[in-house]
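Structure below is protein.csv: CSV, C-alpha atoms.
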chain,number,residue,atom,x,y,z
A,1,MET,CA,-2.3,-12.3,11.0
A,2,ASP,CA,-1.6,-10.0,14.0
A,3,ALA,CA,-4.4,-7.7,12.8
A,4,ILE,CA,-6.9,-10.6,12.4
A,5,PHE,CA,-6.3,-11.9,16.0
A,6,GLN,CA,-6.4,-8.4,17.3
A,7,ALA,CA,-9.7,-7.7,15.6
A,8,LEU,CA,-11.1,-10.9,17.2
A,9,SER,CA,-9.9,-10.0,20.7
A,10,ASP,CA,-13.0,-8.0,21.5
A,11,GLY,CA,-16.5,-9.3,22.2
A,12,THR,CA,-18.3,-6.4,20.4
A,13,ARG,CA,-16.3,-7.1,17.2
A,14,ARG,CA,-16.9,-10.8,17.4
A,15,GLN,CA,-20.6,-10.1,17.7
A,16,MET,CA,-20.5,-7.8,14.7
A,17,LEU,CA,-19.0,-10.5,12.6
A,18,ARG,CA,-21.7,-13.0,13.8
A,19,ASP,CA,-24.3,-10.5,12.8
A,20,LEU,CA,-22.8,-10.0,9.4
A,21,ALA,CA,-22.8,-13.8,8.9
A,22,THR,CA,-26.6,-13.6,8.7
A,23,GLY,CA,-26.4,-10.9,6.0
A,24,ASP,CA,-25.0,-7.4,5.1
A,25,ARG,CA,-25.7,-4.6,7.6
A,26,THR,CA,-25.4,-0.8,7.5
A,27,VAL,CA,-23.1,0.8,10.1
A,28,SER,CA,-26.1,1.9,12.2
A,29,GLU,CA,-27.6,-1.6,12.1
A,30,LEU,CA,-24.2,-3.1,13.2
A,31,ALA,CA,-23.9,-0.6,16.0
A,32,ALA,CA,-27.5,-0.8,17.2
A,33,PRO,CA,-27.3,-3.9,19.6
A,34,HIS,CA,-24.2,-2.5,21.4
A,35,PRO,CA,-24.5,-0.1,24.4
A,36,MET,CA,-22.0,2.5,23.1
A,37,SER,CA,-21.9,5.6,21.0
A,38,LEU,CA,-22.1,5.3,17.2
A,39,ALA,CA,-18.5,6.8,17.2
A,40,ALA,CA,-17.3,4.0,19.4
A,41,ALA,CA,-19.0,1.3,17.3
A,42,SER,CA,-17.6,2.9,14.1
A,43,LYS,CA,-14.1,2.5,15.6
A,44,HIS,CA,-14.7,-1.2,16.1
A,45,ILE,CA,-16.0,-1.5,12.5
A,46,ARG,CA,-12.8,0.2,11.3
A,47,VAL,CA,-10.7,-2.3,13.2
A,48,LEU,CA,-12.6,-5.1,11.5
A,49,GLU,CA,-12.2,-3.4,8.1
A,50,ASN,CA,-8.4,-2.8,8.6
A,51,ALA,CA,-8.0,-6.5,9.4
A,52,GLY,CA,-9.8,-7.3,6.0
A,53,LEU,CA,-12.8,-8.9,7.8
A,54,ILE,CA,-15.3,-6.4,6.6
A,55,ARG,CA,-15.8,-4.8,3.1
A,56,ARG,CA,-17.7,-1.5,3.1
A,57,GLU,CA,-19.8,-0.5,0.2
A,58,ILE,CA,-20.8,3.2,0.0
A,59,GLU,CA,-24.2,3.8,-1.6
A,60,GLY,CA,-24.9,7.5,-1.3
A,61,ARG,CA,-25.0,8.2,2.4
A,62,THR,CA,-25.3,4.6,3.4
A,63,HIS,CA,-22.3,2.5,4.3
A,64,ARG,CA,-23.1,-1.2,3.8
A,65,CYS,CA,-20.9,-3.7,5.5
A,66,HIS,CA,-20.2,-7.2,4.1
A,67,LEU,CA,-18.4,-10.1,5.9
A,68,GLU,CA,-15.1,-11.1,4.3
A,69,ALA,CA,-14.4,-14.5,5.9
A,70,ALA,CA,-11.4,-15.5,3.8
A,71,PRO,CA,-8.7,-14.0,6.2
A,72,LEU,CA,-10.2,-16.1,9.0
A,73,ALA,CA,-9.1,-19.3,7.2
A,74,ALA,CA,-5.5,-18.4,8.0
A,75,ALA,CA,-6.2,-17.8,11.7
A,76,HIS,CA,-8.3,-21.0,11.8
A,77,SER,CA,-5.4,-23.0,10.3
A,78,GLU,CA,-2.9,-21.6,12.8
A,79,LEU,CA,-5.2,-22.9,15.6
A,80,SER,CA,-5.9,-26.2,13.9
A,81,PHE,CA,-2.2,-27.0,14.4
A,82,TYR,CA,-2.8,-27.3,18.2
A,83,GLU,CA,-5.9,-29.6,17.8
A,84,GLN,CA,-3.6,-32.7,18.5
A,85,PHE,CA,-2.7,-31.1,21.9
A,86,TRP,CA,-6.2,-30.2,23.2
A,87,THR,CA,-7.6,-33.5,21.9
A,88,SER,CA,-4.9,-35.4,23.9
A,89,SER,CA,-5.7,-33.2,27.0
A,90,LEU,CA,-9.4,-34.0,26.7
A,91,ASN,CA,-8.6,-37.7,26.3
A,92,GLU,CA,-6.4,-37.6,29.4
A,93,LEU,CA,-9.2,-35.8,31.4
A,94,ASP,CA,-11.7,-38.4,30.2
A,95,ARG,CA,-9.3,-41.2,31.3
A,96,LEU,CA,-8.8,-39.7,34.8
A,97,LEU,CA,-12.6,-39.2,35.2
A,98,ARG,CA,-13.2,-42.8,34.2
A,99,GLU,CA,-10.5,-44.0,36.6
A,100,ASP,CA,-12.1,-41.9,39.5
A,101,ALA,CA,-15.5,-43.3,38.7
A,102,ALA,CA,-14.2,-46.9,38.7
A,103,GLN,CA,-12.4,-46.4,42.0
A,104,GLU,CA,-15.4,-44.9,43.6
A,105,LYS,CA,-17.6,-47.8,42.4
A,106,GLN,CA,-14.9,-50.3,43.8
A,107,ALA,CA,-14.8,-48.4,47.1
A,108,ALA,CA,-18.6,-48.5,47.4
A,109,ILE,CA,-18.7,-52.3,46.7
A,110,SER,CA,-15.9,-53.1,49.2
A,111,SER,CA,-17.2,-50.9,52.0
A,112,ARG,CA,-20.6,-52.6,51.8
A,113,PRO,CA,-22.6,-53.2,54.1
A,114,ALA,CA,-21.0,-50.5,56.4
A,115,ALA,CA,-21.5,-47.4,54.2
A,116,HIS,CA,-18.9,-44.7,54.6
A,117,LYS,CA,-18.1,-41.7,52.5
A,118,ASP,CA,-14.7,-40.5,51.2
A,119,ASP,CA,-14.0,-36.9,50.4
B,1,MET,CA,-11.8,-15.4,24.8
B,2,ASP,CA,-10.6,-11.8,24.5
B,3,ALA,CA,-7.4,-12.7,26.3
B,4,ILE,CA,-6.8,-15.7,24.1
B,5,PHE,CA,-7.1,-13.8,20.8
B,6,GLN,CA,-5.1,-10.9,22.3
B,7,ALA,CA,-2.3,-13.3,23.2
B,8,LEU,CA,-2.4,-14.7,19.6
B,9,SER,CA,-2.2,-11.2,18.0
B,10,ASP,CA,1.6,-11.1,18.2
B,11,GLY,CA,4.1,-13.0,16.1
B,12,THR,CA,6.6,-13.5,18.9
B,13,ARG,CA,3.9,-15.0,21.1
B,14,ARG,CA,2.7,-17.3,18.3
B,15,GLN,CA,6.3,-18.5,17.8
B,16,MET,CA,6.7,-19.2,21.5
B,17,LEU,CA,3.6,-21.4,21.4
B,18,ARG,CA,4.9,-23.2,18.4
B,19,ASP,CA,8.2,-23.8,20.2
B,20,LEU,CA,6.3,-25.2,23.2
B,21,ALA,CA,4.5,-27.5,21.0
B,22,THR,CA,7.7,-29.4,20.5
B,23,GLY,CA,8.4,-29.7,24.3
B,24,ASP,CA,8.7,-27.7,27.5
B,25,ARG,CA,11.1,-24.8,27.6
B,26,THR,CA,12.6,-22.6,30.3
B,27,VAL,CA,12.0,-18.9,30.0
B,28,SER,CA,15.5,-18.3,28.7
B,29,GLU,CA,15.1,-21.0,26.0
B,30,LEU,CA,11.7,-19.5,25.0
B,31,ALA,CA,13.3,-16.0,24.8
B,32,ALA,CA,16.5,-17.0,23.0
B,33,PRO,CA,15.3,-17.0,19.3
B,34,HIS,CA,13.8,-13.5,19.6
B,35,PRO,CA,15.8,-10.3,19.1
B,36,MET,CA,14.6,-8.6,22.3
B,37,SER,CA,15.6,-8.2,25.9
B,38,LEU,CA,14.8,-11.0,28.4
B,39,ALA,CA,12.5,-8.5,30.1
B,40,ALA,CA,10.5,-7.9,26.9
B,41,ALA,CA,10.3,-11.7,26.2
B,42,SER,CA,9.2,-12.3,29.8
B,43,LYS,CA,6.4,-9.8,29.2
B,44,HIS,CA,5.2,-11.9,26.2
B,45,ILE,CA,5.4,-15.0,28.3
B,46,ARG,CA,3.3,-13.4,31.0
B,47,VAL,CA,0.6,-12.5,28.4
B,48,LEU,CA,0.5,-16.1,27.3
B,49,GLU,CA,0.3,-17.3,30.9
B,50,ASN,CA,-2.5,-14.8,31.7
B,51,ALA,CA,-4.5,-16.2,28.8
B,52,GLY,CA,-4.1,-19.7,30.2
B,53,LEU,CA,-2.0,-20.9,27.2
B,54,ILE,CA,1.2,-21.5,29.3
B,55,ARG,CA,1.6,-23.2,32.6
B,56,ARG,CA,4.8,-22.3,34.5
B,57,GLU,CA,6.5,-24.7,36.8
B,58,ILE,CA,9.1,-23.3,39.2
B,59,GLU,CA,11.9,-25.7,40.0
B,60,GLY,CA,14.4,-23.8,42.2
B,61,ARG,CA,15.6,-20.9,40.0
B,62,THR,CA,14.3,-22.4,36.8
B,63,HIS,CA,10.9,-21.5,35.4
B,64,ARG,CA,9.8,-24.2,33.1
B,65,CYS,CA,7.0,-23.4,30.6
B,66,HIS,CA,4.4,-25.9,29.4
B,67,LEU,CA,1.9,-25.5,26.6
B,68,GLU,CA,-1.8,-25.5,27.7
B,69,ALA,CA,-3.6,-26.0,24.4
B,70,ALA,CA,-7.1,-26.5,25.8
B,71,PRO,CA,-8.2,-22.8,25.7
B,72,LEU,CA,-7.3,-22.7,22.0
B,73,ALA,CA,-10.2,-25.1,21.3
B,74,ALA,CA,-12.7,-22.4,22.1
B,75,ALA,CA,-11.0,-19.9,19.8
B,76,HIS,CA,-10.8,-22.6,17.1
B,77,SER,CA,-14.5,-23.4,17.4
B,78,GLU,CA,-15.3,-19.6,17.2
B,79,LEU,CA,-13.5,-19.5,13.8
B,80,SER,CA,-14.9,-22.9,12.6
B,81,PHE,CA,-18.3,-21.2,12.5
B,82,TYR,CA,-17.0,-19.1,9.5
B,83,GLU,CA,-15.7,-22.1,7.6
B,84,GLN,CA,-18.8,-22.2,5.4
B,85,PHE,CA,-18.2,-18.6,4.3
B,86,TRP,CA,-14.5,-18.9,3.3
B,87,THR,CA,-15.2,-22.3,1.7
B,88,SER,CA,-17.8,-20.7,-0.5
B,89,SER,CA,-15.5,-17.7,-1.3
B,90,LEU,CA,-12.8,-20.2,-2.4
B,91,ASN,CA,-15.2,-22.2,-4.5
B,92,GLU,CA,-16.3,-18.9,-6.2
B,93,LEU,CA,-12.6,-18.0,-6.8
B,94,ASP,CA,-12.0,-21.4,-8.2
B,95,ARG,CA,-15.0,-21.1,-10.5
B,96,LEU,CA,-13.8,-17.6,-11.7
B,97,LEU,CA,-10.3,-18.9,-12.4
B,98,ARG,CA,-11.6,-21.9,-14.3
B,99,GLU,CA,-13.9,-19.6,-16.4
B,100,ASP,CA,-10.9,-17.3,-17.1
B,101,ALA,CA,-8.8,-20.2,-18.1
B,102,ALA,CA,-11.5,-21.6,-20.4
B,103,GLN,CA,-12.1,-18.2,-22.0
B,104,GLU,CA,-8.3,-17.8,-22.6
B,105,LYS,CA,-8.1,-21.2,-24.2
B,106,GLN,CA,-11.1,-20.4,-26.4
B,107,ALA,CA,-9.6,-17.0,-27.4
B,108,ALA,CA,-6.3,-18.8,-28.2
B,109,ILE,CA,-8.1,-21.3,-30.4
B,110,SER,CA,-10.2,-18.7,-32.2
B,111,SER,CA,-7.3,-16.3,-32.8
B,112,ARG,CA,-5.1,-19.0,-34.4
B,113,PRO,CA,-3.0,-18.7,-36.5
B,114,ALA,CA,-2.6,-14.9,-35.8
B,115,ALA,CA,-1.3,-15.1,-32.2
B,116,HIS,CA,-2.1,-12.2,-30.0
B,117,LYS,CA,-1.8,-11.6,-26.3
B,118,ASP,CA,-4.3,-10.2,-23.8
B,119,ASP,CA,-3.4,-8.5,-20.6
In structure tokens, what does this structure look like?
Amino acid sequence: MDAIFQALSDGTRRQMLRDLATGDRTVSELAAPHPMSLAAASKHIRVLENAGLIRREIEGRTHRCHLEAAPLAAAHSELSFYEQFWTSSLNELDRLLREDAAQEKQAAISSRPAAHKDD
Amino acid sequence: MDAIFQALSDGTRRQMLRDLATGDRTVSELAAPHPMSLAAASKHIRVLENAGLIRREIEGRTHRCHLEAAPLAAAHSELSFYEQFWTSSLNELDRLLREDAAQEKQAAISSRPAAHKDD
């Protein structure tokens, strides 16, 4: 699990996974969109491979990379546990915003006709 | 997003978040279950704090830690994108296992009464 989250902790690697989601890619194709050397890109690919998120098939001189999404299920499930907490935070935020809006509306009504503005 | 996944890439830190899910904890309480110095545990807490996953309230000499789950929603959503892929892998695995089971059953029937065992 450490290796999976570690692999995901970099924007270049997350983009590579996104690219693989649309189909297999050679190492050069995966590296191409990123402003870095092929060696640096290969290092990122190796991190993804070691985390089990990429399977590499070697056909002659071509290394073809394939997305292995299954290990992400465990990471997803770890995060799903916290869904109850961020849902309740969002509900609380929603409640506060509605309260604010209602108070502002009330203030606008009671201050009529002499309009004044609160901070 | 990098900082969130980085924070999650360590078992000690994931356990600390789980502990906070059951209620607020002081730094010492968060550190207690882990076989490491208070300084090492504090470093982990700081990583969680920098990723926005912990809010620290200082009451006199006590630092009370509170889970901030909201940033995990973004990480969860990033992983949800891949759900279609691991679901199809699991369906495929399920299909292969069923096929295997059916073939074994067929083999067992056709080899009767002379029982033999495949690897």
Output the contact residues of chain B with respect to chain A at a cut-off of 12 Å, based on only C-alpha atoms, as a ChimeraX atom specification.
-> /B:1-15,17-23,51,53,66-93
Least-squares fit chain B onto chain A by Cα, in order, and just send back the RMSD.
-> 0.5 Å
Interatomic distance, CA of Ala32 (chain B) to CA of Arg56 (chain B) (Å, one decimal) = 17.2 Å
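Picture a line from CA of Glu49 (chain B) to CA of Thr62 (chain B); it runs 16.0 Å.
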Expressed in Å to a single decimal, how great is the separation between CA of Arg46 (chain B) and CA of Arg64 (chain B)?
->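 CA of Arg46 (chain B) sits 12.8 Å away from CA of Arg64 (chain B).
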Around (11.0, -19.6, 29.9) in the file's own coordinates, what residues are found within 6 Å if you use all atoms listed in the file, given back as a list in words?
->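 Final list of nearby residues, as requested, is Arg25, Thr26, Val27, Ser28, Glu29, Leu30, His63, Arg64 and Cys65 of chain B.
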Go through B:Glu59, B:Ser37, B:Ala108, B:Val47 and flag the residue nearest Met16 (chain B), using all atoms listed in the file for the distances.
->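 Residue with the minimum atom-to-atom distance to Met16 (chain B): B:Val47.
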Axis-aligned box for all listed atoms of region 30-35 of chain A, 8 Å per side, centre and edges in Å to one decimal, as AutoDock Vina command-line options:
--center_x -25.7 --center_y -2.0 --center_z 18.8 --size_x 19.6 --size_y 19.8 --size_z 27.2
May I have the protein, DNA and RNA residues with any atom at most 8 Å from the point (-20.4, 0.7, 20.1), counting all atoms listed in the file, written as a PyMOL selection string?
-> chain A and resi 12+31-32+34-44
Would you mind completing region 28-51 of chain A so that it carries N, CA and C atoms, and writing it out as a tab-separated table (two decimals), in the frame of the given file?
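Produced file rebuild_38.tsv, reproduced below:
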chain	number	residue	atom	x	y	z
A	28	SER	N	-25.13	1.67	11.05
A	28	SER	CA	-26.10	1.90	12.20
A	28	SER	C	-26.67	0.56	12.64
A	29	GLU	N	-27.00	-0.32	11.72
A	29	GLU	CA	-27.60	-1.60	12.10
A	29	GLU	C	-26.56	-2.45	12.89
A	30	LEU	N	-25.28	-2.38	12.47
A	30	LEU	CA	-24.20	-3.10	13.20
A	30	LEU	C	-24.04	-2.58	14.58
A	31	ALA	N	-24.17	-1.25	14.70
A	31	ALA	CA	-23.90	-0.60	16.00
A	31	ALA	C	-25.08	-0.78	16.96
A	32	ALA	N	-26.30	-0.87	16.43
A	32	ALA	CA	-27.50	-0.80	17.20
A	32	ALA	C	-27.53	-1.74	18.48
A	33	PRO	N	-27.11	-3.03	18.38
A	33	PRO	CA	-27.30	-3.90	19.60
A	33	PRO	C	-26.27	-3.57	20.68
A	34	HIS	N	-25.30	-2.69	20.44
A	34	HIS	CA	-24.20	-2.50	21.40
A	34	HIS	C	-24.42	-1.20	22.21
A	35	PRO	N	-24.31	-1.30	23.53
A	35	PRO	CA	-24.50	-0.10	24.40
A	35	PRO	C	-23.35	0.81	24.36
A	36	MET	N	-23.16	1.50	23.23
A	36	MET	CA	-22.00	2.50	23.10
A	36	MET	C	-22.43	3.49	22.04
A	37	SER	N	-21.65	4.55	21.97
A	37	SER	CA	-21.90	5.60	21.00
A	37	SER	C	-21.69	5.06	19.58
A	38	LEU	N	-22.28	5.73	18.59
A	38	LEU	CA	-22.10	5.30	17.20
A	38	LEU	C	-20.59	5.51	16.84
A	39	ALA	N	-19.95	6.53	17.44
A	39	ALA	CA	-18.50	6.80	17.20
A	39	ALA	C	-17.68	5.60	17.66
A	40	ALA	N	-18.00	5.10	18.86
A	40	ALA	CA	-17.30	4.00	19.40
A	40	ALA	C	-17.49	2.72	18.58
A	41	ALA	N	-18.73	2.51	18.15
A	41	ALA	CA	-19.00	1.30	17.30
A	41	ALA	C	-18.31	1.45	15.97
A	42	SER	N	-18.26	2.67	15.43
A	42	SER	CA	-17.60	2.90	14.10
A	42	SER	C	-16.10	2.53	14.25
A	43	LYS	N	-15.53	2.83	15.40
A	43	LYS	CA	-14.10	2.50	15.60
A	43	LYS	C	-13.91	0.98	15.56
A	44	HIS	N	-14.83	0.24	16.18
A	44	HIS	CA	-14.70	-1.20	16.10
A	44	HIS	C	-14.87	-1.71	14.66
A	45	ILE	N	-15.79	-1.10	13.93
A	45	ILE	CA	-16.00	-1.50	12.50
A	45	ILE	C	-14.73	-1.23	11.72
A	46	ARG	N	-14.07	-0.11	12.04
A	46	ARG	CA	-12.80	0.20	11.30
A	46	ARG	C	-11.74	-0.80	11.62
A	47	VAL	N	-11.66	-1.26	12.85
A	47	VAL	CA	-10.70	-2.30	13.20
A	47	VAL	C	-10.92	-3.57	12.37
A	48	LEU	N	-12.19	-3.95	12.27
A	48	LEU	CA	-12.60	-5.10	11.50
A	48	LEU	C	-12.22	-4.93	10.00
A	49	GLU	N	-12.46	-3.70	9.54
A	49	GLU	CA	-12.20	-3.40	8.10
A	49	GLU	C	-10.69	-3.42	7.86
A	50	ASN	N	-9.90	-2.85	8.77
A	50	ASN	CA	-8.40	-2.80	8.60
A	50	ASN	C	-7.84	-4.24	8.62
A	51	ALA	N	-8.52	-5.14	9.32
A	51	ALA	CA	-8.00	-6.50	9.40
A	51	ALA	C	-8.53	-7.31	8.14
